[in-house]
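Source file target_7.txt; content: compact mmCIF, C-alpha atoms.
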# COMPACT_ATOMS: atom_id res chain seq x y z
CA MET L 1 8.30 27.02 -29.38
CA VAL L 2 9.05 24.15 -26.99
CA ASN L 3 6.02 21.94 -26.30
CA PRO L 4 5.15 20.41 -22.88
CA ARG L 5 6.56 16.98 -23.70
CA GLN L 6 9.86 18.54 -24.72
CA LEU L 7 9.90 20.54 -21.49
CA ALA L 8 9.22 17.35 -19.55
CA PHE L 9 12.05 15.60 -21.43
CA LEU L 10 14.51 18.36 -20.51
CA ALA L 11 13.48 18.23 -16.85
CA LEU L 12 13.77 14.44 -16.72
CA GLN L 13 17.22 14.62 -18.30
CA ALA L 14 18.36 16.76 -15.38
CA ILE L 15 16.63 14.49 -12.84
CA TYR L 16 17.63 11.07 -14.20
CA ARG L 17 21.09 11.89 -15.51
CA GLN L 18 22.30 14.67 -13.19
CA GLY L 19 20.44 13.87 -9.97
CA ALA L 20 18.56 17.19 -9.91
CA PHE L 21 15.60 17.57 -7.56
CA THR L 22 12.27 17.26 -9.34
CA ASP L 23 10.84 20.66 -8.40
CA ILE L 24 14.06 22.51 -9.29
CA ALA L 25 14.53 20.74 -12.62
CA LEU L 26 10.90 21.32 -13.60
CA ASP L 27 11.00 24.99 -12.64
CA ARG L 28 14.16 25.50 -14.70
CA ALA L 29 12.60 23.79 -17.71
CA LEU L 30 9.39 25.81 -17.45
CA ARG L 31 11.37 29.06 -17.32
CA SER L 32 13.18 28.19 -20.54
CA GLY L 33 10.39 29.69 -22.67
CA GLU L 34 6.83 31.00 -22.75
CA VAL L 35 4.47 28.31 -21.51
CA SER L 36 0.67 28.44 -21.40
CA SER L 37 -1.10 27.34 -18.23
CA SER L 38 -2.39 24.16 -19.91
CA ASP L 39 1.08 23.25 -21.20
CA ARG L 40 2.55 23.97 -17.78
CA GLY L 41 0.01 21.62 -16.22
CA LEU L 42 0.75 18.80 -18.67
CA ALA L 43 4.53 19.19 -18.32
CA THR L 44 4.20 19.13 -14.53
CA GLU L 45 2.03 16.01 -14.63
CA LEU L 46 4.44 14.23 -16.97
CA VAL L 47 7.52 15.05 -14.90
CA TYR L 48 6.13 14.27 -11.47
CA GLY L 49 4.28 11.22 -12.77
CA SER L 50 7.30 9.78 -14.55
CA VAL L 51 9.56 10.30 -11.53
CA ARG L 52 6.99 8.76 -9.21
CA SER L 53 6.25 5.79 -11.50
CA GLN L 54 9.71 5.04 -12.84
CA ARG L 55 9.97 1.53 -11.36
CA THR L 56 6.65 0.57 -12.96
CA LEU L 57 7.68 2.15 -16.25
CA ASP L 58 11.02 0.35 -16.18
CA ALA L 59 9.19 -2.93 -15.56
CA LEU L 60 7.10 -2.28 -18.68
CA ILE L 61 10.24 -1.59 -20.72
CA ASP L 62 11.76 -4.82 -19.38
CA GLN L 63 8.64 -6.71 -20.37
CA PHE L 64 7.96 -5.23 -23.80
CA GLY L 65 11.43 -4.22 -24.96
CA LYS L 66 14.23 -6.27 -26.48
CA LYS L 67 16.60 -4.73 -23.93
CA ARG L 68 16.06 -4.10 -20.24
CA ALA L 69 15.43 -0.53 -19.11
CA ASP L 70 18.91 -0.20 -17.62
CA GLN L 71 20.40 -1.23 -20.97
CA GLN L 72 18.51 1.37 -23.01
CA PRO L 73 20.23 4.60 -24.07
CA PRO L 74 19.40 7.09 -21.26
CA ASP L 75 17.51 9.54 -23.47
CA LEU L 76 15.53 6.73 -25.08
CA ARG L 77 14.50 5.52 -21.62
CA ILE L 78 13.16 9.02 -20.88
CA VAL L 79 11.13 9.09 -24.10
CA LEU L 80 9.73 5.64 -23.34
CA HIS L 81 8.85 6.69 -19.79
CA LEU L 82 6.93 9.69 -21.07
CA GLY L 83 5.06 7.63 -23.65
CA LEU L 84 4.24 4.75 -21.32
CA TYR L 85 3.17 7.12 -18.56
CA GLN L 86 0.63 8.76 -20.85
CA LEU L 87 -0.72 5.42 -22.04
CA ARG L 88 -0.98 3.91 -18.57
CA TYR L 89 -2.05 6.82 -16.40
CA LEU L 90 -3.47 9.71 -18.45
CA ASP L 91 -7.00 8.97 -19.64
CA ARG L 92 -7.37 12.44 -21.12
CA VAL L 93 -4.55 11.84 -23.64
CA PRO L 94 -5.71 9.62 -26.55
CA ALA L 95 -3.49 6.59 -27.07
CA SER L 96 -2.73 7.62 -30.65
CA ALA L 97 -1.58 11.04 -29.46
CA ALA L 98 0.64 9.49 -26.77
CA VAL L 99 2.33 7.27 -29.34
CA ASP L 100 2.68 9.85 -32.12
CA THR L 101 4.02 12.61 -29.85
CA SER L 102 6.53 10.18 -28.34
CA VAL L 103 7.82 9.28 -31.79
CA GLU L 104 8.19 12.97 -32.61
CA LEU L 105 9.87 13.56 -29.27
CA ALA L 106 12.44 10.87 -30.07
CA LYS L 107 13.25 12.62 -33.34
CA TRP L 108 13.49 16.02 -31.62
CA ALA L 109 15.87 14.52 -29.04
CA GLY L 110 18.22 13.26 -31.75
CA LEU L 111 17.00 9.68 -31.56
CA GLY L 112 15.55 9.51 -35.05
CA LYS L 113 17.07 6.08 -35.74
CA LEU L 114 15.28 4.74 -32.66
CA ALA L 115 11.88 6.28 -33.42
CA GLY L 116 10.73 2.91 -34.73
CA VAL L 117 11.64 1.31 -31.41
CA VAL L 118 9.49 3.87 -29.60
CA ASN L 119 6.57 3.36 -31.97
CA GLY L 120 6.78 -0.44 -31.76
CA MET L 121 7.02 -0.72 -27.99
CA LEU L 122 4.26 1.79 -27.26
CA ARG L 123 1.89 0.21 -29.79
CA GLN L 124 2.62 -3.24 -28.38
CA TYR L 125 1.78 -1.99 -24.90
CA GLU L 126 -1.36 -0.27 -26.22
CA ARG L 127 -2.52 -3.54 -27.80
CA SER L 128 -2.02 -5.29 -24.44
CA GLN L 129 -4.90 -3.10 -23.11
CA ASN L 130 -2.67 -1.71 -20.37
CA ASP L 131 -3.35 -4.60 -17.98
CA SER L 132 -0.57 -7.05 -18.77
CA LEU L 133 2.12 -5.96 -16.31
CA VAL L 134 3.61 -9.16 -14.94
CA LEU L 135 3.85 -9.08 -11.14
CA PRO L 136 5.53 -11.43 -8.65
CA GLU L 137 3.59 -13.10 -5.83
CA ASP L 138 5.67 -11.65 -2.97
CA PRO L 139 3.66 -8.59 -1.80
CA ARG L 140 6.84 -6.61 -1.17
CA GLU L 141 7.97 -6.92 -4.79
CA LYS L 142 4.43 -6.91 -6.15
CA PHE L 143 3.51 -3.57 -4.58
CA GLY L 144 6.99 -2.23 -5.32
CA ILE L 145 6.56 -2.81 -9.05
CA LEU L 146 2.83 -2.08 -9.30
CA TYR L 147 2.97 1.18 -7.34
CA SER L 148 6.62 2.06 -7.94
CA PHE L 149 8.33 1.93 -4.55
CA PRO L 150 11.63 0.41 -3.43
CA ASP L 151 11.17 -2.98 -1.80
CA TRP L 152 12.61 -1.82 1.52
CA ILE L 153 9.96 0.88 1.97
CA VAL L 154 7.13 -1.55 1.21
CA ALA L 155 8.70 -4.07 3.60
CA GLU L 156 8.71 -1.46 6.38
CA TRP L 157 4.99 -0.83 5.88
CA LEU L 158 4.19 -4.55 5.72
CA GLU L 159 5.70 -4.96 9.17
CA GLN L 160 3.28 -2.37 10.54
CA LEU L 161 0.09 -2.90 8.51
CA THR L 162 -1.93 -5.63 6.83
CA VAL L 163 -1.41 -6.40 3.14
CA GLU L 164 -4.72 -4.69 2.33
CA GLU L 165 -3.75 -1.58 4.29
CA VAL L 166 -0.38 -1.38 2.54
CA ASP L 167 -2.15 -1.69 -0.82
CA ARG L 168 -4.34 1.30 0.06
CA LEU L 169 -1.38 3.26 1.44
CA CYS L 170 0.62 2.75 -1.77
CA GLN L 171 -2.32 3.94 -3.83
CA TRP L 172 -2.81 6.98 -1.62
CA PHE L 173 0.83 8.04 -1.84
CA ASN L 174 0.52 8.02 -5.64
CA GLN L 175 -2.45 10.40 -5.69
CA PRO L 176 -2.07 14.17 -6.20
CA PRO L 177 -1.78 15.83 -2.78
CA ALA L 178 -4.41 18.11 -1.32
CA LEU L 179 -3.46 21.63 -0.31
CA ASP L 180 -4.24 22.53 3.30
CA LEU L 181 -4.28 26.00 4.81
CA ARG L 182 -3.96 27.18 8.40
CA VAL L 183 -5.94 30.32 9.13
CA ASN L 184 -4.20 32.95 11.26
CA PRO L 185 -6.74 33.75 14.05
CA LEU L 186 -4.80 36.87 15.01
CA LYS L 187 -5.76 38.43 11.67
CA THR L 188 -9.09 36.95 10.65
CA THR L 189 -11.51 34.05 11.07
CA VAL L 190 -11.95 30.72 9.34
CA GLU L 191 -15.36 31.90 8.14
CA THR L 192 -13.90 35.01 6.49
CA VAL L 193 -11.17 33.05 4.68
CA GLU L 194 -13.63 30.38 3.64
CA THR L 195 -15.99 32.96 2.15
CA SER L 196 -13.27 34.96 0.38
CA LEU L 197 -11.80 31.85 -1.24
CA ARG L 198 -15.17 30.60 -2.39
CA ASP L 199 -15.95 34.04 -3.82
CA ALA L 200 -12.69 33.70 -5.77
CA GLY L 201 -13.90 30.38 -7.22
CA VAL L 202 -11.85 28.11 -4.94
CA THR L 203 -13.52 25.07 -3.39
CA VAL L 204 -12.63 24.66 0.29
CA THR L 205 -13.71 22.32 3.07
CA ARG L 206 -13.14 22.39 6.82
CA LEU L 207 -11.03 19.74 8.49
CA GLU L 208 -12.32 18.52 11.82
CA PRO L 209 -11.11 18.48 14.54
CA LEU L 210 -8.56 21.12 13.52
CA PRO L 211 -10.04 24.57 14.30
CA GLN L 212 -7.76 26.55 11.96
CA ALA L 213 -7.61 24.18 8.96
CA LEU L 214 -9.14 24.45 5.50
CA ARG L 215 -8.51 22.16 2.54
CA MET L 216 -8.55 23.43 -1.02
CA THR L 217 -9.79 20.97 -3.63
CA GLY L 218 -9.44 21.42 -7.36
CA GLY L 219 -7.30 24.04 -9.04
CA ALA L 220 -6.48 27.18 -7.10
CA GLY L 221 -3.93 28.87 -9.38
CA ALA L 222 -1.00 30.79 -7.96
CA ILE L 223 -1.12 30.62 -4.15
CA ASN L 224 0.29 34.10 -3.62
CA ARG L 225 -2.55 35.61 -5.65
CA LEU L 226 -5.34 34.15 -3.54
CA PRO L 227 -7.36 36.42 -1.22
CA GLY L 228 -5.69 36.95 2.14
CA PHE L 229 -2.20 35.71 1.28
CA THR L 230 -0.52 39.11 1.26
CA GLU L 231 -2.48 40.22 4.32
CA GLY L 232 -1.21 37.23 6.35
CA TRP L 233 -4.67 35.73 6.83
CA TRP L 234 -3.42 32.18 6.28
CA THR L 235 -0.44 30.03 5.43
CA VAL L 236 -0.04 26.69 3.69
CA GLN L 237 0.45 23.83 6.15
CA ASP L 238 -0.55 20.18 6.00
CA SER L 239 -3.34 19.32 8.40
CA SER L 240 -1.27 16.58 10.03
CA ALA L 241 1.58 19.02 10.64
CA GLN L 242 -0.85 21.33 12.43
CA LEU L 243 -1.36 18.61 15.03
CA VAL L 244 2.21 19.00 16.27
CA SER L 245 1.66 22.46 17.71
CA TYR L 246 -1.54 21.33 19.44
CA LEU L 247 0.41 18.47 21.01
CA LEU L 248 3.01 20.97 22.24
CA ASP L 249 0.11 22.99 23.72
CA PRO L 250 1.98 26.31 24.12
CA GLN L 251 0.53 28.88 26.52
CA PRO L 252 0.70 32.70 26.42
CA GLY L 253 3.75 34.10 28.21
CA GLU L 254 5.81 30.92 28.02
CA VAL L 255 9.31 30.43 26.61
CA ILE L 256 9.18 28.01 23.68
CA ILE L 257 12.19 26.72 21.74
CA ASP L 258 11.80 25.27 18.24
CA ALA L 259 15.02 23.36 17.60
CA CYS L 260 14.56 22.77 13.84
CA ALA L 261 12.32 25.63 12.84
CA ALA L 262 12.61 26.02 9.06
CA PRO L 263 10.56 26.70 7.03
CA GLY L 264 8.52 28.06 9.92
CA GLY L 265 5.10 26.44 9.65
CA LYS L 266 5.10 25.09 13.19
CA THR L 267 6.95 28.11 14.61
CA THR L 268 4.29 30.50 13.33
CA HIS L 269 1.50 28.20 14.47
CA ILE L 270 2.97 28.17 17.98
CA ALA L 271 2.99 31.97 17.97
CA GLU L 272 -0.65 32.06 16.88
CA LEU L 273 -1.70 29.61 19.60
CA MET L 274 0.06 31.80 22.19
CA GLY L 275 -1.70 34.92 20.95
CA ASP L 276 1.76 36.16 19.92
CA ARG L 277 2.50 36.64 23.65
CA GLY L 278 5.63 35.08 25.09
CA LYS L 279 9.00 34.27 23.54
CA ILE L 280 9.70 31.70 20.85
CA TRP L 281 13.23 30.85 19.82
CA ALA L 282 13.37 29.57 16.23
CA CYS L 283 16.65 27.76 15.64
CA ASP L 284 18.10 26.44 12.40
CA THR L 285 20.95 27.07 9.97
CA ALA L 286 21.26 30.63 8.66
CA ASN L 287 20.21 29.88 5.07
CA ARG L 288 17.15 27.93 6.21
CA LEU L 289 16.06 30.68 8.61
CA ARG L 290 15.48 33.08 5.72
CA LYS L 291 12.23 31.29 4.91
CA VAL L 292 11.20 31.46 8.57
CA SER L 293 11.71 35.21 8.55
CA GLU L 294 9.66 35.58 5.37
CA ASN L 295 6.74 33.73 6.97
CA LEU L 296 7.00 35.74 10.19
CA ASN L 297 6.89 39.00 8.26
CA ARG L 298 3.92 38.02 6.12
CA LEU L 299 1.92 36.75 9.10
CA GLN L 300 3.05 39.81 11.13
CA LEU L 301 4.14 37.85 14.22
CA GLN L 302 6.33 39.55 16.81
CA SER L 303 7.08 36.95 19.49
CA VAL L 304 9.62 34.91 17.53
CA VAL L 305 13.39 35.41 17.66
CA THR L 306 15.49 33.51 15.11
CA LEU L 307 18.87 32.07 16.05
CA ALA L 308 21.26 30.51 13.53
CA GLY L 309 23.29 27.53 14.64
CA ASP L 310 23.52 23.78 15.16
CA SER L 311 20.89 22.93 17.78
CA ARG L 312 23.15 20.20 19.18
CA GLN L 313 25.52 22.94 20.36
CA LEU L 314 23.21 25.69 21.68
CA THR L 315 24.08 25.36 25.37
CA GLN L 316 22.76 28.84 26.20
CA PHE L 317 19.22 27.42 26.39
CA GLN L 318 20.04 25.21 29.39
CA GLY L 319 16.88 24.85 31.51
CA ILE L 320 14.99 27.92 30.21
CA GLY L 321 12.26 26.38 28.01
CA ASP L 322 8.74 25.75 29.22
CA ARG L 323 8.21 23.68 26.08
CA VAL L 324 10.63 22.53 23.40
CA LEU L 325 9.86 21.19 19.94
CA VAL L 326 12.21 18.93 17.97
CA ASP L 327 10.63 18.69 14.52
CA ALA L 328 13.54 16.56 13.41
CA PRO L 329 15.19 16.29 9.99
CA CYS L 330 14.02 12.93 8.67
CA SER L 331 13.70 10.72 5.60
CA GLY L 332 10.39 12.37 4.67
CA LEU L 333 8.74 9.03 3.93
CA GLY L 334 5.40 10.47 5.02
CA THR L 335 5.52 13.07 2.25
CA LEU L 336 5.89 10.73 -0.74
CA HIS L 337 2.73 12.14 -2.34
CA ARG L 338 4.29 15.62 -2.44
CA ARG L 339 7.92 14.71 -3.11
CA PRO L 340 8.01 11.75 -5.49
CA ASP L 341 11.79 11.55 -5.78
CA ILE L 342 12.28 10.89 -2.05
CA ARG L 343 11.42 7.22 -2.58
CA TRP L 344 14.46 6.89 -4.85
CA ARG L 345 16.83 9.09 -2.84
CA GLN L 346 16.44 7.49 0.58
CA THR L 347 18.05 4.20 1.62
CA PRO L 348 18.11 2.17 4.85
CA GLU L 349 21.68 3.35 5.36
CA LYS L 350 20.67 7.01 5.08
CA THR L 351 17.78 6.57 7.49
CA ALA L 352 20.15 4.96 10.02
CA GLU L 353 22.37 8.06 9.79
CA LEU L 354 19.31 10.26 10.26
CA ALA L 355 18.26 8.30 13.34
CA LYS L 356 21.66 9.02 14.91
CA LEU L 357 21.23 12.74 14.20
CA GLN L 358 17.71 12.68 15.62
CA GLU L 359 18.91 11.06 18.84
CA GLU L 360 21.62 13.72 19.18
CA LEU L 361 19.14 16.56 18.61
CA LEU L 362 16.63 15.13 21.07
CA THR L 363 19.30 14.62 23.74
CA ALA L 364 20.57 18.19 23.36
CA ALA L 365 17.10 19.74 23.31
CA ALA L 366 16.10 17.86 26.46
CA THR L 367 18.63 19.94 28.41
CA TRP L 368 16.75 23.09 27.44
CA VAL L 369 13.55 22.11 29.24
CA LYS L 370 12.67 23.36 32.70
CA PRO L 371 11.84 20.70 35.32
CA GLY L 372 8.24 19.67 34.72
CA GLY L 373 8.39 21.04 31.17
CA VAL L 374 7.35 19.42 27.90
CA LEU L 375 9.46 18.13 25.03
CA VAL L 376 7.78 17.17 21.75
CA TYR L 377 9.52 15.07 19.09
CA ALA L 378 7.98 14.94 15.60
CA THR L 379 8.89 13.70 12.13
CA CYS L 380 7.18 13.48 8.74
CA THR L 381 8.20 9.87 8.21
CA LEU L 382 6.56 6.52 8.96
CA ASN L 383 9.88 4.75 9.49
CA ARG L 384 10.06 3.14 12.94
CA ALA L 385 13.84 3.53 13.13
CA GLU L 386 13.34 7.32 13.10
CA ASN L 387 10.27 7.34 15.34
CA GLU L 388 9.57 4.69 17.97
CA ALA L 389 13.19 3.53 18.12
CA VAL L 390 14.50 7.07 18.72
CA ILE L 391 12.07 7.65 21.59
CA GLN L 392 12.73 4.22 23.12
CA GLU L 393 16.47 4.86 23.06
CA PHE L 394 16.00 8.32 24.58
CA LEU L 395 13.77 7.03 27.40
CA HIS L 396 16.23 4.21 28.11
CA ASN L 397 19.05 6.74 28.53
CA HIS L 398 16.93 9.34 30.36
CA PRO L 399 14.71 7.58 32.93
CA GLN L 400 13.61 10.92 34.40
CA TRP L 401 11.51 11.49 31.25
CA GLN L 402 8.10 9.94 30.54
CA LEU L 403 5.70 9.79 27.63
CA GLU L 404 2.69 12.05 28.09
CA ALA L 405 -0.64 11.81 26.32
CA PRO L 406 -2.06 14.95 24.70
CA PRO L 407 -4.49 17.05 26.75
CA PRO L 408 -7.96 15.48 26.40
CA ASP L 409 -9.41 18.66 24.88
CA SER L 410 -6.61 18.95 22.31
CA PRO L 411 -7.27 18.24 18.61
CA ALA L 412 -4.25 15.92 18.85
CA ALA L 413 -6.04 13.70 21.39
CA THR L 414 -8.26 12.28 18.64
CA PHE L 415 -5.23 10.63 17.03
CA ALA L 416 -3.32 9.46 20.12
CA GLN L 417 -2.35 5.81 20.48
CA ALA L 418 -2.45 3.93 23.78
CA SER L 419 1.22 4.77 24.36
CA GLY L 420 0.45 8.48 24.07
CA THR L 421 2.33 8.81 20.79
CA ILE L 422 0.60 9.86 17.57
CA LYS L 423 0.96 8.28 14.15
CA VAL L 424 -1.23 9.65 11.38
CA TRP L 425 -1.66 7.53 8.25
CA PRO L 426 -2.55 6.92 5.49
CA SER L 427 -4.16 10.35 5.03
CA ALA L 428 -0.80 11.92 5.89
CA GLY L 429 2.47 10.57 7.14
CA ILE L 430 3.60 12.04 10.42
CA TRP L 431 4.69 10.75 13.82
CA MET L 432 5.06 12.58 17.12
CA ALA L 433 5.53 12.01 20.82
CA SER L 434 5.22 14.30 23.85
CA LEU L 435 7.46 13.78 26.86
CA TRP L 436 7.61 15.48 30.23
CA GLN L 437 10.40 15.67 32.76
CA ASN L 438 9.94 14.70 36.41
For the structure just supplied, provide its representation as structure tokens.
Amino acid sequence: MVNPRQLAFLALQAIYRQGAFTDIALDRALRSGEVSSSDRGLATELVYGSVRSQRTLDALIDQFGKKRADQQPPDLRIVLHLGLYQLRYLDRVPASAAVDTSVELAKWAGLGKLAGVVNGMLRQYERSQNDSLVLPEDPREKFGILYSFPDWIVAEWLEQLTVEEVDRLCQWFNQPPALDLRVNPLKTTVETVETSLRDAGVTVTRLEPLPQALRMTGGAGAINRLPGFTEGWWTVQDSSAQLVSYLLDPQPGEVIIDACAAPGGKTTHIAELMGDRGKIWACDTANRLRKVSENLNRLQLQSVVTLAGDSRQLTQFQGIGDRVLVDAPCSGLGTLHRRPDIRWRQTPEKTAELAKLQEELLTAAATWVKPGGVLVYATCTLNRAENEAVIQEFLHNHPQWQLEAPPPDSPAATFAQASGTIKVWPSAGIWMASLWQN
């Protein structure tokens, strides 16, 4: 029977050596044999933690090894990552167990001749009392190594925040994410969902000022087995993402167009806020719209029509939308706590390409809005090139448009900046702006 460390090794092989996405590689490894819930939890922690912390772990290998991390045999580097991660971050795993299981893992992986290297390096690190990581003075490199981020991401934050705030932000992005729910008021009440979840042993708290939001803390088990899931009482949606629909402020009977709808969290929220009365066009590519349809069916919403296509080319919407949402494809740098591999996949060059796409989407979607209508632009990144710069460029090229602050009674108003835009951090990374057309 394969143990959790072996499962983690197999997943990391696919991630490090083949470029597989973390969630897909882990799921494939977990399906390779019978796995208890405790083993599943440990394997998941080891995989996500190692991916998230790989720059820190490589720095430890550089410091304690005879060869740099990039000079180590690839499978040996994985074994060392798993061992060092347990020693540095997992208090519940005794140091002796972390070392011994890593030595056995090396042998299982066909690295028997290097088992002594694993044993020696891990014991040397253990003797250092886990506090001897050498760090540079430059805060960009210091935080990059200590918290395992590329320098360019830390540099972007340092240009927006103080050193102390960036320190806290880095720490927050390395914590396990909370799971937020959005209650469907067309089916039930927040009180009913709150009570049913607590009766099922799930700890939940309300999230002010969001009227439909609940946060689950602690283990909840399989989401689709929780009370109310099948009945469409609620859906999973980050609290910060819920703000976007409040900023859009859709009204019953209106025509709303969601230009980048998948997976449907904001589309379904818009329908709920409209009392499922009106018409919502949910646009995206055909394969991505399948998830939107699944969510619509489970929540039993009728006012949404899906349309497959490239939103930059949907000229049939010219001037028909009361309100239009562009929840743009982005670098995802506000979701680093949920998707640890994004920090290694994104580059400044890729974000520049995304900014060009975002500008094209926003320009096309603006033609869909009726005179006097509202256009909301949102991302889940904290990168200014994809946020403020996109809006500034759009306003420069379209002087008939203006920034508009959220309605004063909107939950979004609590988070609005002086400009009228909204940036939520560090509790969640999201940026949005509302514009209206003269």
Could the centre and edge lengths of an axis-aligned box, enclosing all atoms of region 158-161 of chain L in the file with 4 Å extra on each side, be given in Å to one decimal as AutoDock Vina command-line options?
--center_x 2.9 --center_y -3.7 --center_z 8.1 --size_x 13.6 --size_y 10.6 --size_z 12.8
Closest-contact table, region 153-224 of chain L side, partner region 298-307 of chain L, 10 Å, counting all atoms listed in the file, as JSON lines:
{"residue": "L:Asn184", "atom": "CA", "partner": "L:Leu299", "partner_atom": "CA", "distance": 7.5}
{"residue": "L:Leu186", "atom": "CA", "partner": "L:Leu299", "partner_atom": "CA", "distance": 8.9}
{"residue": "L:Lys187", "atom": "CA", "partner": "L:Leu299", "partner_atom": "CA", "distance": 8.3}
Give me, as CSV, each residue of region 198-310 of chain L that comes within 12 Å of region 27-44 of chain L, together with its shortest interatomic pair and the distance in Å at one decimal, counting only C-alpha atoms, with rows ordered by chain and rising residue number.
residue,atom,partner,partner_atom,distance
L:Gly219,CA,L:Gly41,CA,10.5
L:Gly221,CA,L:Ser37,CA,9.4
L:Ala222,CA,L:Ser37,CA,10.8
- Message: Which polymer residues, whether protein, DNA or RNA, lie within 12 Å of the coordinate (0.7, 1.6, -10.4) when you count all atoms listed in the file? List them as a ChimeraX atom specification, using the chain letters and numbers from the file.
- Response: /L:49-50,52-60,84-85,88-89,130-131,133,135,142-149,167-168,170-175
- Message: Given the point (27.2, 23.3, 16.3) in the file's coordinates, find the residues that have an atom at most 12 Å from it, counting all atoms listed in the file, and give them as a ChimeraX atom specification.
- Response: /L:283-285,308-315,360-361,364
Convert the current residue selection to file output with C-alpha atoms, as a PDB file, in the coordinates of the input.
ATOM      1  CA  CYS L 283      16.650  27.760  15.640  1.00  0.00           C
ATOM      2  CA  ASP L 284      18.100  26.440  12.400  1.00  0.00           C
ATOM      3  CA  THR L 285      20.950  27.070   9.970  1.00  0.00           C
ATOM      4  CA  ALA L 308      21.260  30.510  13.530  1.00  0.00           C
ATOM      5  CA  GLY L 309      23.290  27.530  14.640  1.00  0.00           C
ATOM      6  CA  ASP L 310      23.520  23.780  15.160  1.00  0.00           C
ATOM      7  CA  SER L 311      20.890  22.930  17.780  1.00  0.00           C
ATOM      8  CA  ARG L 312      23.150  20.200  19.180  1.00  0.00           C
ATOM      9  CA  GLN L 313      25.520  22.940  20.360  1.00  0.00           C
ATOM     10  CA  LEU L 314      23.210  25.690  21.680  1.00  0.00           C
ATOM     11  CA  THR L 315      24.080  25.360  25.370  1.00  0.00           C
ATOM     12  CA  GLU L 360      21.620  13.720  19.180  1.00  0.00           C
ATOM     13  CA  LEU L 361      19.140  16.560  18.610  1.00  0.00           C
ATOM     14  CA  ALA L 364      20.570  18.190  23.360  1.00  0.00           C
TER      15      ALA L 364
END
- Item | Shell around region 14-22 of chain L at 9 Å using all atoms listed in the file, local window under 5 positions removed, as a PyMOL selection string | chain L and resi 9+27+47-48+51+74+78+339-341
- Message: Measuring between only C-alpha atoms, which one of L:Glu254, L:Asp138, L:Asp238, L:Glu294 shows the shortest distance to Val154 (chain L)?
- Response: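 Nearest to Val154 (chain L): L:Asp138.
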- Query: What is the distance between CA of Asn387 (chain L) and CA of Lys370 (chain L), in Å to one decimal?
  - Reply: 23.7 Å
- Message: as a PyMOL selection string, please: the residues near Ala378 (chain L) (cut-off 12 Å, all atoms listed in the file, same-chain neighbours under 2 positions excluded).
- Response: chain L and resi 240-245+247-248+258-261+266+324-330+332+334+358+361-362+375-376+380-382+386-388+390-391+421-424+429-435
- For region 91-106 of chain L, list every protein, DNA or RNA residue within 10 Å, evaluated using only C-alpha atoms, and leave out those in the same chain fewer than 3 positions away; present the list as a ChimeraX atom specification. /L:3,5-6,9,75-76,78-88,109-123,126
Since the input has fewer atoms than a full residue there, write region 240-251 of chain L out with N, CA and C atoms, as a PDB file, in the coordinates of the input.
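Heads up, here's the output in out.pdb:
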ATOM      1  N   SER L 240      -1.949  17.430   9.050  1.00  0.00           N
ATOM      2  CA  SER L 240      -1.270  16.580  10.030  1.00  0.00           C
ATOM      3  C   SER L 240      -0.161  17.347  10.733  1.00  0.00           C
ATOM      4  N   ALA L 241       0.528  18.227  10.019  1.00  0.00           N
ATOM      5  CA  ALA L 241       1.580  19.020  10.640  1.00  0.00           C
ATOM      6  C   ALA L 241       1.014  20.003  11.668  1.00  0.00           C
ATOM      7  N   GLN L 242      -0.222  20.430  11.468  1.00  0.00           N
ATOM      8  CA  GLN L 242      -0.850  21.330  12.430  1.00  0.00           C
ATOM      9  C   GLN L 242      -1.061  20.657  13.787  1.00  0.00           C
ATOM     10  N   LEU L 243      -1.169  19.325  13.779  1.00  0.00           N
ATOM     11  CA  LEU L 243      -1.360  18.610  15.030  1.00  0.00           C
ATOM     12  C   LEU L 243      -0.189  18.775  15.983  1.00  0.00           C
ATOM     13  N   VAL L 244       1.010  18.948  15.434  1.00  0.00           N
ATOM     14  CA  VAL L 244       2.210  19.000  16.270  1.00  0.00           C
ATOM     15  C   VAL L 244       2.133  20.140  17.265  1.00  0.00           C
ATOM     16  N   SER L 245       1.721  21.307  16.822  1.00  0.00           N
ATOM     17  CA  SER L 245       1.660  22.460  17.710  1.00  0.00           C
ATOM     18  C   SER L 245       0.581  22.291  18.774  1.00  0.00           C
ATOM     19  N   TYR L 246      -0.516  21.597  18.422  1.00  0.00           N
ATOM     20  CA  TYR L 246      -1.540  21.330  19.440  1.00  0.00           C
ATOM     21  C   TYR L 246      -1.013  20.345  20.477  1.00  0.00           C
ATOM     22  N   LEU L 247      -0.189  19.400  20.050  1.00  0.00           N
ATOM     23  CA  LEU L 247       0.410  18.470  21.010  1.00  0.00           C
ATOM     24  C   LEU L 247       1.365  19.211  21.942  1.00  0.00           C
ATOM     25  N   LEU L 248       2.110  20.163  21.403  1.00  0.00           N
ATOM     26  CA  LEU L 248       3.010  20.970  22.240  1.00  0.00           C
ATOM     27  C   LEU L 248       2.218  21.794  23.253  1.00  0.00           C
ATOM     28  N   ASP L 249       1.041  22.258  22.847  1.00  0.00           N
ATOM     29  CA  ASP L 249       0.110  22.990  23.720  1.00  0.00           C
ATOM     30  C   ASP L 249       0.749  24.228  24.355  1.00  0.00           C
ATOM     31  N   PRO L 250       1.312  25.129  23.554  1.00  0.00           N
ATOM     32  CA  PRO L 250       1.980  26.310  24.120  1.00  0.00           C
ATOM     33  C   PRO L 250       0.975  27.270  24.743  1.00  0.00           C
ATOM     34  N   GLN L 251       1.408  27.960  25.802  1.00  0.00           N
ATOM     35  CA  GLN L 251       0.530  28.880  26.520  1.00  0.00           C
ATOM     36  C   GLN L 251       1.098  30.296  26.456  1.00  0.00           C
TER      37      GLN L 251
END
